[in-house]
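What follows is work.txt (compact mmCIF, C-alpha atoms and all ligand atoms).
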```
# COMPACT_ATOMS: atom_id res chain seq x y z
CA MET A 1 -38.80 -21.22 125.58
CA ILE A 2 -35.59 -21.66 123.63
CA ALA A 3 -33.32 -18.75 122.75
CA THR A 4 -30.13 -18.57 120.73
CA VAL A 5 -26.98 -16.51 121.09
CA ALA A 6 -24.58 -16.60 118.14
CA GLY A 7 -26.50 -19.59 116.82
CA VAL A 8 -26.15 -21.57 120.04
CA TYR A 9 -29.12 -22.65 122.14
CA VAL A 10 -28.94 -21.00 125.54
CA ALA A 11 -31.16 -20.21 128.51
CA PRO A 12 -33.55 -17.36 127.68
CA GLY A 13 -31.97 -14.03 128.54
CA THR A 14 -28.39 -15.26 128.27
CA THR A 15 -26.02 -12.84 126.55
CA VAL A 16 -22.75 -13.52 124.78
CA GLY A 17 -20.98 -11.75 127.64
CA GLN A 18 -22.56 -14.02 130.21
CA LEU A 19 -21.45 -17.08 128.33
CA ASN A 20 -17.79 -15.97 128.38
CA ARG A 21 -16.74 -19.35 127.15
CA GLU A 22 -16.54 -21.34 123.98
CA LEU A 23 -19.75 -20.84 122.03
CA TRP A 24 -20.28 -24.46 121.39
CA TYR A 25 -22.19 -26.93 123.47
CA ASN A 26 -21.48 -30.62 123.51
CA THR A 27 -25.11 -31.48 124.06
CA PRO A 28 -27.38 -30.08 121.36
CA MET A 29 -30.85 -28.99 122.37
CA ASP A 30 -32.65 -31.72 120.42
CA MET A 31 -30.70 -34.37 122.31
CA ILE A 32 -31.61 -32.74 125.62
CA GLU A 33 -35.26 -32.82 124.56
CA THR A 34 -35.03 -36.50 123.65
CA LEU A 35 -33.41 -37.35 126.98
CA GLY A 36 -35.98 -35.24 128.82
CA LYS A 37 -38.94 -36.97 127.19
CA ALA A 38 -37.57 -40.35 128.28
CA GLY A 39 -36.91 -39.02 131.81
CA ILE A 40 -35.26 -42.21 133.03
CA ILE A 41 -32.30 -43.79 131.24
CA PRO A 42 -31.43 -47.43 131.92
CA VAL A 43 -27.68 -47.78 132.53
CA ILE A 44 -26.79 -51.10 130.95
CA VAL A 45 -23.84 -53.39 131.63
CA ILE A 46 -24.09 -56.05 128.99
CA GLU A 47 -22.02 -59.22 129.14
CA ARG A 48 -23.12 -60.95 125.93
CA GLU A 49 -23.92 -59.35 122.59
CA GLU A 50 -26.92 -61.60 122.04
CA GLN A 51 -28.61 -60.08 125.11
CA ALA A 52 -28.64 -56.63 123.50
CA VAL A 53 -31.62 -56.81 121.17
CA PRO A 54 -34.13 -58.58 123.47
CA LEU A 55 -33.03 -56.31 126.32
CA ALA A 56 -33.50 -53.17 124.23
CA LYS A 57 -36.90 -54.40 123.03
CA ALA A 58 -38.00 -55.00 126.64
CA LEU A 59 -36.88 -51.56 127.80
CA VAL A 60 -38.24 -49.65 124.81
CA GLY A 61 -41.44 -51.72 124.89
CA GLY A 62 -41.85 -50.80 128.56
CA GLY A 63 -41.68 -47.12 127.65
CA LEU A 64 -38.00 -46.16 128.06
CA PRO A 65 -36.64 -45.36 124.57
CA VAL A 66 -33.24 -43.94 125.59
CA LEU A 67 -30.56 -46.45 126.62
CA GLU A 68 -27.01 -46.04 127.91
CA VAL A 69 -24.81 -49.02 127.12
CA THR A 70 -21.69 -48.75 129.27
CA PHE A 71 -18.26 -49.46 127.83
CA ARG A 72 -17.38 -51.51 130.91
CA THR A 73 -17.62 -54.76 128.99
CA ALA A 74 -16.13 -55.97 125.73
CA ALA A 75 -19.63 -56.61 124.36
CA ALA A 76 -20.63 -52.93 124.47
CA PRO A 77 -19.76 -51.79 120.91
CA ALA A 78 -21.37 -54.84 119.29
CA ALA A 79 -24.40 -54.44 121.54
CA ILE A 80 -24.84 -50.84 120.39
CA GLU A 81 -24.48 -51.87 116.74
CA ALA A 82 -27.08 -54.61 117.16
CA ILE A 83 -29.56 -52.31 118.88
CA ARG A 84 -29.12 -49.63 116.20
CA ARG A 85 -29.70 -52.24 113.49
CA GLU A 86 -32.61 -54.16 115.00
CA VAL A 87 -34.37 -51.77 117.39
CA PRO A 88 -34.44 -48.53 115.39
CA GLU A 89 -36.89 -46.88 117.78
CA ALA A 90 -34.24 -47.02 120.54
CA VAL A 91 -31.97 -44.01 121.14
CA VAL A 92 -28.68 -45.61 122.13
CA GLY A 93 -25.80 -43.88 123.85
CA ALA A 94 -22.52 -45.13 125.23
CA GLY A 95 -21.55 -44.77 128.88
CA THR A 96 -18.32 -44.93 130.88
CA LEU A 97 -16.29 -43.33 128.07
CA LEU A 98 -12.97 -42.75 129.82
CA ASP A 99 -10.59 -41.94 126.96
CA GLU A 100 -10.51 -40.69 123.39
CA ASN A 101 -10.32 -44.15 121.93
CA MET A 102 -13.49 -45.21 123.72
CA VAL A 103 -15.23 -42.12 122.33
CA ARG A 104 -14.18 -43.05 118.79
CA ARG A 105 -15.27 -46.67 119.24
CA ALA A 106 -18.62 -45.55 120.65
CA LYS A 107 -19.24 -43.27 117.69
CA ALA A 108 -18.17 -45.94 115.22
CA ALA A 109 -20.58 -48.40 116.84
CA GLY A 110 -23.45 -45.97 116.27
CA ALA A 111 -23.88 -44.39 119.70
CA VAL A 112 -25.82 -41.13 119.38
CA PHE A 113 -24.63 -39.69 122.68
CA GLY A 114 -21.85 -40.36 125.15
CA VAL A 115 -21.61 -40.20 128.93
CA ALA A 116 -18.70 -40.38 131.36
CA PRO A 117 -18.57 -40.64 135.14
CA GLY A 118 -15.98 -37.86 135.40
CA PHE A 119 -14.76 -34.73 133.63
CA ASP A 120 -11.71 -35.04 131.37
CA PRO A 121 -11.12 -32.19 128.87
CA ALA A 122 -9.41 -34.59 126.44
CA VAL A 123 -12.46 -36.83 126.34
CA VAL A 124 -14.77 -33.84 125.88
CA ALA A 125 -12.56 -32.66 123.01
CA ALA A 126 -12.65 -36.12 121.41
CA ALA A 127 -16.44 -36.16 121.60
CA LYS A 128 -16.54 -32.74 119.98
CA ALA A 129 -14.21 -33.92 117.22
CA GLU A 130 -16.48 -36.93 116.63
CA ASN A 131 -19.59 -34.73 116.79
CA LEU A 132 -20.91 -36.96 119.56
CA PRO A 133 -23.23 -35.19 122.03
CA PHE A 134 -21.56 -35.75 125.36
CA CYS A 135 -22.31 -35.47 129.08
CA PRO A 136 -19.23 -35.55 131.30
CA GLY A 137 -19.61 -36.41 134.97
CA ILE A 138 -19.25 -33.78 137.68
CA ALA A 139 -19.63 -33.90 141.46
CA THR A 140 -18.36 -30.46 142.53
CA ALA A 141 -18.75 -26.79 141.63
CA SER A 142 -15.18 -26.74 140.28
CA GLU A 143 -15.79 -29.66 137.94
CA LEU A 144 -19.07 -28.15 136.79
CA SER A 145 -17.31 -24.86 136.07
CA GLN A 146 -14.67 -26.65 134.00
CA ALA A 147 -17.30 -28.66 132.12
CA LEU A 148 -19.16 -25.48 131.20
CA THR A 149 -15.95 -23.84 130.03
CA ALA A 150 -15.29 -26.90 127.88
CA GLY A 151 -18.64 -26.31 126.19
CA CYS A 152 -20.80 -28.90 127.92
CA ARG A 153 -24.32 -27.74 128.46
CA MET A 154 -25.47 -30.91 130.20
CA VAL A 155 -23.57 -32.90 132.81
CA LYS A 156 -24.00 -36.18 134.57
CA PHE A 157 -24.09 -35.63 138.35
CA PHE A 158 -22.25 -38.68 139.66
CA PRO A 159 -22.36 -40.41 142.08
CA ALA A 160 -25.62 -38.58 142.72
CA GLU A 161 -26.76 -39.85 146.11
CA ALA A 162 -23.27 -40.14 147.60
CA ALA A 163 -22.31 -36.67 146.33
CA GLY A 164 -25.22 -34.88 147.99
CA GLY A 165 -28.28 -35.81 145.96
CA VAL A 166 -31.03 -33.35 145.09
CA LYS A 167 -29.85 -30.93 147.78
CA MET A 168 -26.41 -30.65 146.16
CA ILE A 169 -27.88 -30.06 142.70
CA LYS A 170 -30.17 -27.34 144.05
CA ASN A 171 -27.18 -25.67 145.73
CA LEU A 172 -25.13 -25.86 142.52
CA LEU A 173 -28.05 -24.33 140.64
CA GLY A 174 -28.00 -21.37 142.99
CA ALA A 175 -24.72 -20.34 141.40
CA PHE A 176 -24.95 -21.94 137.94
CA ARG A 177 -28.62 -21.76 136.88
CA PHE A 178 -28.03 -18.65 134.73
CA THR A 179 -25.69 -20.65 132.48
CA GLY A 180 -28.56 -22.88 131.42
CA VAL A 181 -26.79 -26.01 132.66
CA LYS A 182 -28.80 -29.24 132.74
CA PHE A 183 -28.22 -32.34 134.86
CA MET A 184 -28.47 -36.10 134.52
CA PRO A 185 -28.03 -37.52 138.04
CA THR A 186 -26.91 -41.12 138.23
CA GLY A 187 -25.66 -43.30 141.05
CA GLY A 188 -28.00 -44.36 143.81
CA VAL A 189 -31.09 -43.16 141.95
CA LYS A 190 -33.95 -45.61 142.48
CA PRO A 191 -37.75 -45.72 142.12
CA ASP A 192 -38.21 -44.29 145.63
CA ASN A 193 -36.09 -41.17 145.06
CA VAL A 194 -36.21 -40.58 141.30
CA GLY A 195 -39.31 -38.40 141.65
CA ASP A 196 -37.43 -35.96 143.90
CA TYR A 197 -34.83 -35.49 141.16
CA LEU A 198 -37.26 -35.22 138.27
CA ALA A 199 -39.20 -32.51 140.11
CA VAL A 200 -36.23 -30.15 139.57
CA PRO A 201 -36.71 -28.43 136.17
CA GLU A 202 -32.98 -28.40 135.38
CA ILE A 203 -32.77 -32.16 135.83
CA VAL A 204 -33.42 -33.49 132.35
CA CYS A 205 -33.34 -37.18 133.21
CA CYS A 206 -31.94 -39.69 135.68
CA GLY A 207 -29.84 -42.75 134.93
CA GLY A 208 -29.92 -46.00 136.84
CA THR A 209 -28.95 -49.63 136.75
CA TRP A 210 -32.02 -50.77 138.71
CA LEU A 211 -33.90 -51.27 135.43
CA VAL A 212 -31.62 -54.10 134.37
CA PRO A 213 -31.04 -56.35 137.41
CA LYS A 214 -28.07 -58.68 136.88
CA ASP A 215 -30.07 -61.82 137.66
CA ALA A 216 -32.91 -60.91 135.27
CA LEU A 217 -30.40 -60.16 132.51
CA ALA A 218 -28.52 -63.42 133.07
CA ALA A 219 -31.79 -65.38 133.04
CA GLY A 220 -33.12 -63.56 129.97
CA ASP A 221 -36.18 -62.54 131.98
CA TRP A 222 -37.25 -59.85 129.52
CA ALA A 223 -40.77 -59.71 130.98
CA ALA A 224 -39.39 -58.71 134.39
CA ILE A 225 -37.19 -56.03 132.80
CA GLY A 226 -40.09 -54.77 130.69
CA LYS A 227 -42.18 -54.47 133.86
CA LEU A 228 -39.47 -52.42 135.61
CA ALA A 229 -39.28 -50.17 132.55
CA ALA A 230 -43.05 -49.71 132.51
CA GLU A 231 -43.07 -48.82 136.21
CA ALA A 232 -40.31 -46.26 135.60
CA ALA A 233 -42.11 -44.82 132.56
CA ALA A 234 -45.25 -44.46 134.69
CA ILE A 235 -43.29 -42.39 137.24
CA VAL A 236 -42.08 -40.08 134.44
CA ALA A 237 -45.60 -39.80 133.01
CA ARG A 238 -47.05 -38.98 136.42
CA LEU A 239 -44.49 -36.24 137.05
CA ARG A 240 -44.15 -34.77 133.61
CA GLY A 241 -47.43 -35.61 131.97
C1 LIG A 301 -23.53 -45.56 136.55
O1 LIG A 301 -23.08 -46.50 135.98
O2 LIG A 301 -23.75 -44.48 136.00
C2 LIG A 301 -23.86 -45.75 137.96
O3 LIG A 301 -23.00 -46.71 138.51
C3 LIG A 301 -25.24 -46.22 138.13
O4 LIG A 301 -25.49 -46.21 139.46
P1 LIG A 301 -26.61 -47.15 140.09
O5 LIG A 301 -26.10 -48.56 139.96
O6 LIG A 301 -26.72 -46.73 141.53
O7 LIG A 301 -27.88 -46.94 139.33
```

Show this structure as structure tokens.
Amino acid sequence: MIATVAGVYVAPGTTVGQLNRELWYNTPMDMIETLGKAGIIPVIVIEREEQAVPLAKALVGGGLPVLEVTFRTAAAPAAIEAIRREVPEAVVGAGTLLDENMVRRAKAAGAVFGVAPGFDPAVVAAAKAENLPFCPGIATASELSQALTAGCRMVKFFPAEAAGGVKMIKNLLGAFRFTGVKFMPTGGVKPDNVGDYLAVPEIVCCGGTWLVPKDALAAGDWAAIGKLAAEAAAIVARLRG
């Protein structure tokens, strides 16, 4: 069930007093729903722009419609533009957004959401200014608290396995569940542990690079990548129906 307080989507039962922070969330509810339906988000490091469209077609065709193209390579903005243009059924976000300029470039390229490995209030503010739904990274209670105060309803938990995995998220939820916070764990998430994460209701989706192995990408083995995507989509379907 979805409730609103002062026009903002919040956890049912939340009051304005409980929020006690800026009544604006960087991740709108419809984006959370889209991410949640996908369940698993391929984290993509693309070296050549021409790989973008066949890669996106393989992933979306396999059943994973939401893609995170990281800004770790020069090809990222053009890759996002190409996917937006030629694979309209894909929902493309930009990852590894470390400064305001990267946020602006991601938005200009057509990214519909942004992700970062860490929490930086200036980057969150830039995403807000660009109206780009944004998930900053957190790995501690203090960072989560700051992200919530900055108006972020959903956070990336990174590096998930190294920072305590499902157990850490469950412990954080003990204190923070009432805020309505949602998580996207990434980092060390793989087919053999992704189900443990997705079983937690507050975990909207998981990100991972395992869906795009470097050798398969370099070889243009789209069938292999499509198969990995289909296997991941089957895990989501089994757990979430
Ligand atoms: C990220 O880019 O978000 C993480 O490095 C992905 O981690 P993984 O390679 O363990 O999936």

For ligand LIG 301 (chain A), list the contacting residues at 6 Å or closer, counting all atoms listed in the file, as a count of residues only. 8

Applying 12 Å and all atoms listed in the file, which residues near Lys107 of chain A remain after dropping the ones on its own chain fewer than 5 positions away? List them as JSON, numbers by chain. {"A": [71, 76, 77, 78, 80, 81, 84, 92, 93, 94, 95, 97, 100, 101, 102, 112, 113, 114, 115, 126, 127, 128, 129, 130, 131, 132, 133, 134]}

Can you find the residues with an atom no farther than 8 Å from (-22.7, -27.0, 130.1), counting all atoms listed in the file, and report them as number ranges by chain? A: 25-27, 144, 147-155, 179-182

Produce a table with one row for each residue of segment 59-118 of chain A that has an atom at most 9 Å from any atom of segment 220-226 of chain A, each row naming the nearest atom pair and its distance in Å at one decimal; use all atoms listed in the file; arrange rows by chain and rising residue number; format as CSV.
```
residue,atom,partner,partner_atom,distance
A:Leu59,CA,A:Gly226,CA,5.4
A:Val60,CA,A:Gly226,CA,8.0
A:Gly61,CA,A:Gly226,CA,6.7
A:Gly62,CA,A:Gly226,CA,4.8
A:Gly63,CA,A:Gly226,CA,8.4
```

Restricting the output to C-alpha atoms, write the selected residues as a CSV table (one decimal), in the frame of the given file.
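Resulting contents of part_25.csv:
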```
chain,number,residue,atom,x,y,z
A,59,LEU,CA,-36.9,-51.6,127.8
A,60,VAL,CA,-38.2,-49.6,124.8
A,61,GLY,CA,-41.4,-51.7,124.9
A,62,GLY,CA,-41.8,-50.8,128.6
A,63,GLY,CA,-41.7,-47.1,127.6
```

Go through A:Leu98, A:Val166, A:Gly137, A:Val204 one by one, measure the shortest atom-to-atom distance of each to Thr34 of chain A using all atoms listed in the file, and give the residue with the smallest value. A:Val204

If we count all atoms listed in the file, what is near Ala234 of chain A at a cut-off of 12 Å, once residues fewer than 6 positions away on the same chain are taken out, given as a list in words?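 Near Ala234 of chain A, the qualifying residues are Ala38, Gly39, Ile40, Gly62, Gly63, Leu64, Pro191, Val194, Gly195, Lys227, Leu228, Arg240 and Gly241 of chain A.
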
Atom CA of Ala75 of chain A to atom CA of Val53 of chain A, straight-line distance in Å: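 These two atoms are separated by 12.4 Å.
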